[in-house]
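Coordinates as given in target-v9.txt (compact mmCIF, C-alpha atoms and all ligand atoms):
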# COMPACT_ATOMS: atom_id res chain seq x y z
CA MET A 7 263.34 -52.01 84.27
CA SER A 8 266.51 -50.71 82.61
CA VAL A 9 266.14 -47.40 80.77
CA GLU A 10 268.85 -46.57 78.24
CA LYS A 11 269.49 -43.06 76.93
CA TRP A 12 268.87 -42.73 73.17
CA GLU A 13 270.76 -39.98 71.33
CA ASP A 14 268.96 -40.68 68.05
CA ARG A 15 265.41 -39.51 68.78
CA GLU A 16 264.09 -40.61 65.37
CA ALA A 17 265.39 -44.15 65.94
CA LEU A 18 263.74 -44.16 69.38
CA LYS A 19 260.41 -43.01 67.94
CA ALA A 20 260.61 -45.70 65.22
CA ALA A 21 261.38 -48.36 67.87
CA ILE A 22 258.34 -47.27 69.95
CA LYS A 23 256.04 -47.40 66.92
CA LYS A 24 257.28 -50.88 65.97
CA MET A 25 257.01 -52.21 69.52
CA LYS A 26 253.54 -50.72 69.88
CA GLN A 27 252.30 -52.54 66.77
CA GLU A 28 253.90 -55.85 67.69
CA LYS A 29 252.32 -55.74 71.15
CA GLY A 30 248.87 -54.47 70.18
CA ALA A 31 249.30 -51.41 72.38
CA VAL A 32 247.61 -48.02 72.28
CA ILE A 33 249.36 -44.94 73.70
CA LEU A 34 247.24 -42.31 75.46
CA ALA A 35 248.87 -39.04 76.57
CA HIS A 36 247.70 -36.13 78.68
CA TYR A 37 248.29 -32.56 77.43
CA TYR A 38 250.84 -32.01 80.22
CA GLN A 39 253.26 -34.57 78.80
CA GLN A 40 256.51 -33.60 77.10
CA GLY A 41 255.94 -32.59 73.46
CA GLU A 42 257.67 -35.66 72.00
CA ILE A 43 255.39 -37.97 73.99
CA GLN A 44 252.29 -36.05 72.87
CA ASP A 45 253.50 -36.33 69.27
CA ILE A 46 253.89 -40.11 69.33
CA ALA A 47 250.63 -40.86 71.18
CA ASP A 48 247.63 -42.41 69.43
CA HIS A 49 245.31 -40.15 71.42
CA ILE A 50 245.93 -37.02 73.46
CA GLY A 51 243.45 -35.25 75.68
CA ASP A 52 242.41 -33.86 79.03
CA SER A 53 241.55 -36.25 81.83
CA LEU A 54 237.90 -36.50 80.72
CA ALA A 55 238.79 -37.30 77.11
CA LEU A 56 241.36 -39.89 78.17
CA ALA A 57 238.77 -41.67 80.33
CA GLN A 58 236.21 -41.53 77.52
CA ILE A 59 238.71 -42.87 74.97
CA ALA A 60 239.87 -45.66 77.31
CA SER A 61 236.26 -46.75 77.86
CA LYS A 62 235.81 -47.25 74.10
CA LEU A 63 239.08 -49.04 73.22
CA GLU A 64 238.10 -52.50 72.07
CA ASP A 65 240.95 -53.99 70.08
CA ALA A 66 243.98 -53.01 72.17
CA ARG A 67 245.66 -55.62 74.38
CA ILE A 68 247.75 -53.01 76.18
CA ILE A 69 247.07 -49.37 77.10
CA VAL A 70 250.08 -47.20 77.92
CA LEU A 71 248.85 -44.19 79.87
CA CYS A 72 251.34 -41.32 79.67
CA GLY A 73 250.15 -39.07 82.45
CA VAL A 74 250.07 -39.54 86.21
CA HIS A 75 249.18 -42.59 88.29
CA PHE A 76 245.51 -41.78 88.91
CA MET A 77 244.97 -41.52 85.14
CA GLY A 78 246.42 -45.02 84.71
CA GLU A 79 244.12 -46.25 87.50
CA THR A 80 241.09 -44.68 85.79
CA ALA A 81 241.98 -46.48 82.55
CA LYS A 82 242.42 -49.78 84.44
CA LEU A 83 239.05 -49.37 86.20
CA LEU A 84 237.39 -48.82 82.84
CA CYS A 85 239.32 -51.59 81.06
CA PRO A 86 239.84 -54.33 83.68
CA ASP A 87 240.68 -56.96 81.03
CA LYS A 88 243.48 -54.94 79.46
CA LYS A 89 247.02 -54.55 80.64
CA VAL A 90 247.49 -50.90 81.63
CA LEU A 91 251.08 -49.67 81.76
CA VAL A 92 252.58 -46.34 82.87
CA PRO A 93 256.09 -45.22 81.91
CA ASP A 94 256.96 -44.22 85.50
CA ALA A 95 255.01 -45.64 88.46
CA SER A 96 256.21 -42.83 90.73
CA ALA A 97 254.39 -40.16 88.68
CA GLY A 98 251.88 -39.21 91.39
CA CYS A 99 249.77 -36.09 91.95
CA SER A 100 250.05 -33.62 94.84
CA LEU A 101 246.30 -32.97 94.67
CA ALA A 102 245.43 -36.68 94.99
CA ASP A 103 247.98 -36.91 97.83
CA SER A 104 246.26 -34.03 99.65
CA CYS A 105 243.29 -36.31 100.31
CA PRO A 106 244.18 -39.48 102.25
CA ALA A 107 241.29 -41.99 102.08
CA ASP A 108 241.02 -42.56 105.86
CA GLU A 109 240.75 -38.81 106.55
CA PHE A 110 238.25 -38.37 103.71
CA ALA A 111 236.15 -41.25 105.13
CA GLN A 112 236.08 -39.41 108.48
CA PHE A 113 235.09 -36.13 106.72
CA ILE A 114 232.19 -37.97 105.05
CA LYS A 115 231.10 -39.37 108.43
CA GLU A 116 231.06 -35.85 109.86
CA HIS A 117 228.64 -34.75 107.09
CA PRO A 118 225.82 -37.32 107.07
CA GLY A 119 223.24 -37.03 104.30
CA HIS A 120 225.67 -35.50 101.81
CA THR A 121 226.31 -36.79 98.29
CA VAL A 122 230.03 -37.26 97.76
CA VAL A 123 231.40 -35.72 94.56
CA SER A 124 235.12 -36.13 93.90
CA TYR A 125 237.47 -34.78 91.30
CA VAL A 126 239.07 -37.56 89.26
CA ASN A 127 242.48 -36.52 90.68
CA THR A 128 242.12 -38.99 93.57
CA SER A 129 243.31 -42.43 94.63
CA VAL A 130 241.13 -45.50 93.93
CA GLU A 131 240.44 -45.68 97.67
CA VAL A 132 238.91 -42.16 97.60
CA LYS A 133 237.01 -43.03 94.42
CA ALA A 134 235.56 -46.03 96.25
CA LEU A 135 234.10 -43.60 98.86
CA THR A 136 232.58 -41.40 96.14
CA ASP A 137 229.06 -41.23 94.64
CA VAL A 138 230.00 -39.45 91.43
CA LEU A 139 233.31 -38.33 89.95
CA VAL A 140 233.94 -35.22 87.91
CA THR A 141 236.80 -33.77 85.89
CA SER A 142 237.45 -30.09 85.31
CA GLY A 143 235.78 -30.61 81.90
CA ASN A 144 232.40 -31.76 83.23
CA ALA A 145 232.25 -30.62 86.89
CA ARG A 146 229.73 -27.83 86.28
CA LYS A 147 227.43 -30.00 84.17
CA ILE A 148 227.44 -32.85 86.66
CA ILE A 149 226.89 -30.65 89.73
CA GLU A 150 224.05 -28.86 87.93
CA SER A 151 222.45 -32.22 87.11
CA LEU A 152 222.00 -32.89 90.85
CA PRO A 153 218.84 -31.53 92.55
CA ALA A 154 219.33 -27.89 93.67
CA ASP A 155 218.76 -28.76 97.34
CA GLU A 156 221.08 -31.77 97.38
CA LYS A 157 223.73 -31.49 100.08
CA ILE A 158 227.14 -32.12 98.55
CA ILE A 159 230.66 -32.80 99.77
CA PHE A 160 233.28 -31.93 97.16
CA GLY A 161 236.89 -33.10 97.28
CA PRO A 162 239.76 -32.81 97.07
CA ASP A 163 240.40 -29.50 95.25
CA ARG A 164 239.24 -26.43 97.22
CA ASN A 165 239.90 -24.15 94.21
CA LEU A 166 237.83 -26.14 91.72
CA GLY A 167 235.16 -26.57 94.42
CA ASN A 168 235.11 -22.83 95.10
CA TYR A 169 234.88 -22.07 91.40
CA ILE A 170 231.93 -24.44 90.95
CA ASN A 171 230.20 -23.00 94.05
CA ASN A 172 230.60 -19.51 92.58
CA ILE A 173 229.24 -20.27 89.12
CA THR A 174 226.40 -22.54 90.23
CA GLY A 175 225.36 -20.85 93.47
CA ARG A 176 225.73 -24.19 95.30
CA GLN A 177 227.22 -24.38 98.76
CA MET A 178 229.17 -27.59 98.53
CA VAL A 179 231.24 -28.47 101.59
CA LEU A 180 234.85 -28.46 100.40
CA TRP A 181 237.78 -30.67 101.28
CA ASP A 182 240.85 -28.47 101.80
CA GLY A 183 243.20 -29.85 99.12
CA ALA A 184 245.11 -28.25 96.25
CA CYS A 185 247.59 -28.84 93.42
CA HIS A 186 251.12 -27.55 94.03
CA VAL A 187 251.46 -26.38 90.40
CA HIS A 188 248.24 -24.40 90.02
CA GLU A 189 248.44 -22.81 93.48
CA LYS A 190 251.82 -21.27 92.76
CA PHE A 191 250.96 -18.97 89.86
CA SER A 192 251.54 -15.34 90.80
CA VAL A 193 248.47 -13.12 90.44
CA GLU A 194 250.66 -9.99 90.69
CA LYS A 195 253.07 -11.09 87.96
CA ILE A 196 250.24 -12.19 85.69
CA ALA A 197 248.46 -8.85 86.20
CA GLU A 198 251.75 -7.12 85.33
CA LEU A 199 252.11 -9.25 82.17
CA LYS A 200 248.55 -8.32 81.24
CA ARG A 201 249.48 -4.62 81.58
CA GLU A 202 252.45 -5.21 79.22
CA HIS A 203 250.24 -7.15 76.77
CA PRO A 204 246.78 -5.58 77.12
CA GLU A 205 245.63 -7.39 73.97
CA ALA A 206 246.45 -10.80 75.48
CA GLU A 207 243.77 -13.13 76.85
CA VAL A 208 244.42 -14.84 80.18
CA LEU A 209 243.61 -18.58 80.15
CA VAL A 210 243.21 -20.14 83.59
CA HIS A 211 242.66 -23.71 84.81
CA PRO A 212 240.05 -23.89 87.62
CA GLU A 213 242.61 -25.51 89.95
CA CYS A 214 244.10 -21.99 90.30
CA ARG A 215 243.24 -19.71 93.22
CA ARG A 216 240.21 -17.40 93.07
CA PRO A 217 242.02 -14.06 92.48
CA LEU A 218 243.59 -15.56 89.36
CA VAL A 219 240.29 -17.05 88.19
CA MET A 220 238.81 -13.54 88.51
CA LEU A 221 241.52 -12.17 86.17
CA ALA A 222 240.76 -14.78 83.52
CA ASP A 223 239.24 -14.27 80.09
CA LYS A 224 238.59 -18.01 79.94
CA VAL A 225 238.48 -20.61 82.72
CA GLY A 226 238.41 -24.29 81.84
CA SER A 227 239.99 -27.70 81.56
CA THR A 228 243.04 -28.11 79.35
CA ALA A 229 240.79 -29.17 76.43
CA VAL A 230 238.52 -26.14 76.94
CA LEU A 231 241.50 -23.74 77.04
CA LEU A 232 242.95 -25.30 73.88
CA ALA A 233 239.62 -25.01 72.05
CA HIS A 234 239.32 -21.39 73.17
CA ALA A 235 242.84 -20.53 71.91
CA ARG A 236 241.86 -22.02 68.53
CA GLN A 237 238.65 -20.08 68.04
CA SER A 238 239.50 -16.77 69.73
CA GLU A 239 240.28 -13.67 67.68
CA ALA A 240 243.10 -12.83 70.11
CA LYS A 241 246.69 -13.33 68.95
CA THR A 242 248.40 -13.51 72.34
CA PHE A 243 247.56 -15.63 75.39
CA ILE A 244 248.90 -15.84 78.94
CA VAL A 245 248.51 -19.48 79.91
CA ALA A 246 247.99 -20.27 83.61
CA THR A 247 248.16 -24.03 83.66
CA GLU A 248 250.87 -26.65 83.23
CA SER A 249 253.23 -25.73 80.39
CA GLY A 250 252.74 -28.97 78.37
CA ILE A 251 249.46 -27.65 76.95
CA ILE A 252 251.39 -24.88 75.16
CA HIS A 253 252.87 -27.55 72.85
CA GLN A 254 249.37 -28.32 71.51
CA MET A 255 248.37 -24.65 71.47
CA LYS A 256 251.37 -23.77 69.30
CA LYS A 257 250.68 -26.70 66.97
CA ALA A 258 247.02 -25.72 66.63
CA CYS A 259 247.71 -21.97 66.25
CA PRO A 260 251.21 -21.43 64.79
CA ASP A 261 250.47 -17.74 64.16
CA LYS A 262 249.57 -17.00 67.81
CA GLU A 263 251.81 -16.30 70.79
CA PHE A 264 251.52 -18.22 74.07
CA ILE A 265 253.19 -16.90 77.22
CA ALA A 266 253.60 -19.35 80.12
CA ALA A 267 252.23 -17.67 83.28
CA PRO A 268 254.95 -17.02 85.86
CA GLY A 269 254.97 -18.45 89.37
CA GLU A 270 255.53 -16.64 92.66
CA ASP A 271 259.18 -17.61 92.70
CA SER A 272 260.91 -17.11 89.34
CA THR A 273 263.25 -20.04 90.03
CA CYS A 274 260.54 -22.55 90.92
CA GLY A 275 259.66 -23.73 87.39
CA CYS A 276 256.11 -23.56 88.70
CA ASN A 277 254.31 -24.25 85.48
CA ASP A 278 255.89 -27.69 85.13
CA CYS A 279 254.25 -30.57 86.99
CA SER A 280 257.25 -32.51 88.24
CA TYR A 281 255.16 -35.71 88.26
CA MET A 282 253.92 -35.36 84.70
CA LYS A 283 257.44 -34.59 83.54
CA LEU A 284 258.85 -37.81 85.04
CA ASN A 285 257.70 -39.60 81.89
CA THR A 286 260.19 -39.65 79.02
CA LEU A 287 260.26 -41.23 75.58
CA GLU A 288 262.98 -43.61 76.85
CA LYS A 289 260.76 -44.78 79.73
CA LEU A 290 257.84 -45.17 77.32
CA TYR A 291 259.97 -47.47 75.14
CA ALA A 292 261.22 -49.50 78.13
CA CYS A 293 257.72 -49.88 79.54
CA LEU A 294 256.40 -51.21 76.22
CA ARG A 295 259.39 -53.55 75.85
CA ASP A 296 259.17 -54.99 79.41
CA GLU A 297 255.38 -54.55 79.89
CA THR A 298 255.98 -52.93 83.25
CA PRO A 299 255.16 -50.94 85.45
CA GLU A 300 251.64 -52.31 85.31
CA ILE A 301 248.64 -50.83 87.13
CA THR A 302 246.89 -53.40 89.30
CA ILE A 303 243.90 -52.72 91.56
CA ASP A 304 242.36 -54.96 94.19
CA GLU A 305 239.06 -56.15 92.65
CA LYS A 306 236.98 -55.37 95.77
CA ILE A 307 238.06 -51.70 95.71
CA ALA A 308 237.87 -51.61 91.90
CA GLU A 309 234.22 -52.66 91.98
CA ARG A 310 233.33 -49.71 94.23
CA ALA A 311 235.65 -47.23 92.48
CA ARG A 312 234.27 -48.08 89.02
CA ARG A 313 230.70 -47.04 89.85
CA PRO A 314 231.32 -43.27 90.28
CA ILE A 315 233.40 -43.21 87.08
CA GLU A 316 230.67 -44.93 85.11
CA ARG A 317 228.12 -42.54 86.57
CA MET A 318 230.35 -39.63 85.50
CA LEU A 319 230.69 -40.94 81.95
CA ALA A 320 226.94 -41.45 81.69
CA LEU A 321 226.34 -37.82 82.82
CA SER A 322 229.10 -36.26 80.63
P1 LIG A 401 242.38 -31.64 83.02
O1 LIG A 401 241.14 -32.21 83.60
O2 LIG A 401 242.21 -30.28 82.48
O3 LIG A 401 242.99 -32.60 82.07
O4 LIG A 401 243.43 -31.45 84.21
C1 LIG A 401 244.01 -32.52 84.86
C2 LIG A 401 245.00 -32.07 85.82
O5 LIG A 401 245.72 -32.84 86.41
C3 LIG A 401 245.08 -30.65 86.07
O6 LIG A 401 246.16 -30.38 86.85
FE1 LIG A 402 248.26 -33.36 89.92
FE2 LIG A 402 248.71 -30.75 89.79
FE3 LIG A 402 250.24 -32.40 88.41
FE4 LIG A 402 247.68 -32.00 87.68
S1 LIG A 402 249.34 -30.51 87.65
S2 LIG A 402 248.74 -33.96 87.81
S3 LIG A 402 246.72 -31.75 89.68
S4 LIG A 402 250.10 -32.28 90.64

Any chance you could give the structure as structure tokens?
Amino acid sequence: MSVEKWEDREALKAAIKKMKQEKGAVILAHYYQQGEIQDIADHIGDSLALAQIASKLEDARIIVLCGVHFMGETAKLLCPDKKVLVPDASAGCSLADSCPADEFAQFIKEHPGHTVVSYVNTSVEVKALTDVLVTSGNARKIIESLPADEKIIFGPDRNLGNYINNITGRQMVLWDGACHVHEKFSVEKIAELKREHPEAEVLVHPECRRPLVMLADKVGSTAVLLAHARQSEAKTFIVATESGIIHQMKKACPDKEFIAAPGEDSTCGCNDCSYMKLNTLEKLYACLRDETPEITIDEKIAERARRPIERMLALS
């Protein structure tokens, strides 16, 4: 696929809109995408909302999922008859990568009698080993819907798993995985920022480590943090999740200030997910034009991986 650089952004946006209509495509974008991709999308949302929207799209022939690979796979599992495209097939996820399916299968074997709950940030192979999926937006609700004495394995995010254990009193057995973006926020620097801006509220994604979660005024998925920023009386927020969400926060609350939480190393650009940021408007145009890269999933695995997603949507 050849990707040309466009100097004229307005012409590029017009070309995407035209191509999208001609091809009967719908563009879905996660909140971590670059602002100009969020602005051109038909729907934006957190990973739960994107799955819910994909499951209800009837008329589209093509879905372009601007996010990371597992989000494209989720859309394909829910819409097997549609063509699902992603602007950059190499947009992976360090959290999904921290849980190889063969090792997870072994972990499950070592814990017989446990229900397997997985975060949606996983490969289709891990989904196929799972009883019910969750996102950060519905994890608490779904875990609480299971009988109190049910033995549970939770993977792959140890931080989200720890957070859910703490708020529900469950003792889920946790897979030891993490996201390279959310693990790198500096608790010390955020505490220092809070001292400089005592009026500010600290917004934290549950993929962050426990000491940071304990500093938070609000913990939640990207959609929950955005909704909180909208309705809160506070005027300043320190945002400890990927920086793309700040684009929506500023649009929703132009009179409020949003400070991106710093990472441990000031040169690391920690609050950018390098995978999410692989997608560009140029790649979005090229992927619509050439109808590639396309997500394809072996039907045998898809059949098993679809069940825990459908169970999640029914419980959400
Ligand atoms: P959300 O479930 O909040 O959309 O988060 C997805 C994700 O990848 C977080 O890093
Ligand atoms: Fe994966 Fe982390 Fe990027 Fe989210 S921010 S897509 S969990 S690597």

| request: Tell me, as a PyMOL selection string, which residues lie within 7 Å of stretch 27-39 of chain A, counting all atoms listed in the file; anything in the same chain fewer than 3 positions away does not count. | output: chain A and resi 23-24+43-44+47-53+56+66-73+248-251+282-283

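Every residue within 12 Å of the file position (240.2, -56.4, 83.1), judged by all atoms listed in the file, is given as Ser61, Glu64, Arg67, Ile68, Ile69, Glu79, Ala81, Lys82, Leu83, Leu84, Cys85, Pro86, Asp87, Lys88, Lys89, Val90, Ile301, Thr302, Ile303, Asp304, Glu305, Ala308, Glu309 and Arg312 of chain A.
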
Pull the closest atom pair for each residue of chain A that gets at most 6 Å from ligand LIG 401 (chain A), along with the distance in Å to one decimal, counting all atoms listed in the file, ordering rows by chain and then ascending residue number, as a tab-separated table.
residue	atom	partner	partner_atom	distance
A:Asp52	CA	A:LIG401	O3	3.3
A:Ser53	CA	A:LIG401	O3	3.9
A:Thr141	CA	A:LIG401	O1	5.1
A:Ser142	CA	A:LIG401	O1	4.6
A:Gly143	CA	A:LIG401	O1	5.8
A:Ser227	CA	A:LIG401	O2	3.5
A:Thr228	CA	A:LIG401	O2	3.9

Store the residues picked out above in a file with C-alpha atoms, as a PDB file, keeping the file's coordinate frame.
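Result written to out.pdb:
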ATOM      1  CA  ASP A  52     242.410 -33.860  79.030  1.00  0.00           C
ATOM      2  CA  SER A  53     241.550 -36.250  81.830  1.00  0.00           C
ATOM      3  CA  THR A 141     236.800 -33.770  85.890  1.00  0.00           C
ATOM      4  CA  SER A 142     237.450 -30.090  85.310  1.00  0.00           C
ATOM      5  CA  GLY A 143     235.780 -30.610  81.900  1.00  0.00           C
ATOM      6  CA  SER A 227     239.990 -27.700  81.560  1.00  0.00           C
ATOM      7  CA  THR A 228     243.040 -28.110  79.350  1.00  0.00           C
TER       8      THR A 228
END

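Put simply, atom CA of A:Leu321 is 8.1 Å away from atom CA of A:Ser151.
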
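The residue that comes closest to ligand LIG 402 (chain A), out of A:Ala107, A:Val225, A:Cys214, A:Ala206 and on the basis of all atoms listed in the file, is A:Cys214.
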
Residues at most 9 Å from ligand LIG 402 (chain A), using only C-alpha atoms and all ligand atoms? Could they come as a PDB file with C-alpha atoms, in the frame of the given file?
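For reference, result_13.pdb as written:
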ATOM      1  CA  TYR A  38     250.840 -32.010  80.220  1.00  0.00           C
ATOM      2  CA  GLY A  73     250.150 -39.070  82.450  1.00  0.00           C
ATOM      3  CA  VAL A  74     250.070 -39.540  86.210  1.00  0.00           C
ATOM      4  CA  HIS A  75     249.180 -42.590  88.290  1.00  0.00           C
ATOM      5  CA  PHE A  76     245.510 -41.780  88.910  1.00  0.00           C
ATOM      6  CA  MET A  77     244.970 -41.520  85.140  1.00  0.00           C
ATOM      7  CA  ALA A  97     254.390 -40.160  88.680  1.00  0.00           C
ATOM      8  CA  GLY A  98     251.880 -39.210  91.390  1.00  0.00           C
ATOM      9  CA  CYS A  99     249.770 -36.090  91.950  1.00  0.00           C
ATOM     10  CA  SER A 100     250.050 -33.620  94.840  1.00  0.00           C
ATOM     11  CA  LEU A 101     246.300 -32.970  94.670  1.00  0.00           C
ATOM     12  CA  ALA A 102     245.430 -36.680  94.990  1.00  0.00           C
ATOM     13  CA  ASP A 103     247.980 -36.910  97.830  1.00  0.00           C
ATOM     14  CA  ASN A 127     242.480 -36.520  90.680  1.00  0.00           C
ATOM     15  CA  ASP A 163     240.400 -29.500  95.250  1.00  0.00           C
ATOM     16  CA  ALA A 184     245.110 -28.250  96.250  1.00  0.00           C
ATOM     17  CA  CYS A 185     247.590 -28.840  93.420  1.00  0.00           C
ATOM     18  CA  HIS A 186     251.120 -27.550  94.030  1.00  0.00           C
ATOM     19  CA  VAL A 187     251.460 -26.380  90.400  1.00  0.00           C
ATOM     20  CA  HIS A 188     248.240 -24.400  90.020  1.00  0.00           C
ATOM     21  CA  GLU A 189     248.440 -22.810  93.480  1.00  0.00           C
ATOM     22  CA  GLU A 213     242.610 -25.510  89.950  1.00  0.00           C
ATOM     23  CA  THR A 247     248.160 -24.030  83.660  1.00  0.00           C
ATOM     24  CA  GLU A 248     250.870 -26.650  83.230  1.00  0.00           C
ATOM     25  CA  ASN A 277     254.310 -24.250  85.480  1.00  0.00           C
ATOM     26  CA  ASP A 278     255.890 -27.690  85.130  1.00  0.00           C
ATOM     27  CA  CYS A 279     254.250 -30.570  86.990  1.00  0.00           C
ATOM     28  CA  SER A 280     257.250 -32.510  88.240  1.00  0.00           C
ATOM     29  CA  TYR A 281     255.160 -35.710  88.260  1.00  0.00           C
ATOM     30  CA  MET A 282     253.920 -35.360  84.700  1.00  0.00           C
ATOM     31  CA  LYS A 283     257.440 -34.590  83.540  1.00  0.00           C
TER      32      LYS A 283
END

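Closest to A:Pro93 among A:Ile252, A:Met7, A:Val208, A:Leu232 is A:Met7, based on only C-alpha atoms.
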
| task | Kindly provide, as a PyMOL selection string, the polymer residues lying within 9 Å of (232.1, -21.3, 76.1), counting all atoms listed in the file and using the coordinates exactly as they appear in the file. | result | chain A and resi 224+230+234

| Quick one: of A:Pro314, A:Pro204, A:Gly269, A:Gly78, who's nearest to A:Val140, counting only C-alpha atoms? | A:Pro314

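For the pair atom CA of A:Asn165 and atom CA of A:Val126, the separation is 14.3 Å.
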
| field | Two-atom distance - atom CA of A:Cys105, atom CA of A:Arg164 (Å) | value | 11.1 Å
